[in-house]
Amino acid sequence: MFCIYRSKAKFAENMANNVKKRVKVPASTPKRKQRMVCLMSEEEVRIVDCYLKKYKITNKARWLRETVLTFIHQKMEEDYPTLFNEHDMRR
């Protein structure tokens, strides 16, 4: 979207209205008390930092948590036992 503003005040007002609001977590959500530590090489840290910067991700902990849990969830879905094996179902 491309906008031309007649004054800096209008531009500043529009930018103030576009600020992302923080979503409050409901009290029913359990607090995170368990810590996991992961050591990375300097090159791995640079790769992660470049990715976060490129995609404008500001919350590294949430991104890492969601990425790991998404991977685990997908893997568990793939490995879920079925009544028939894949070869039998494709016939």
# chains A, B, ... in the order shown; residues from 1 in each chain; ligands from 1
>>> residues_around(residues="A:Cys38", least_positions_apart="2", cutoff="12 Å", atoms="only C-alpha atoms", output="number ranges by chain")
A: 35-36, 40-41, 44-45, 61, 64-65, 68
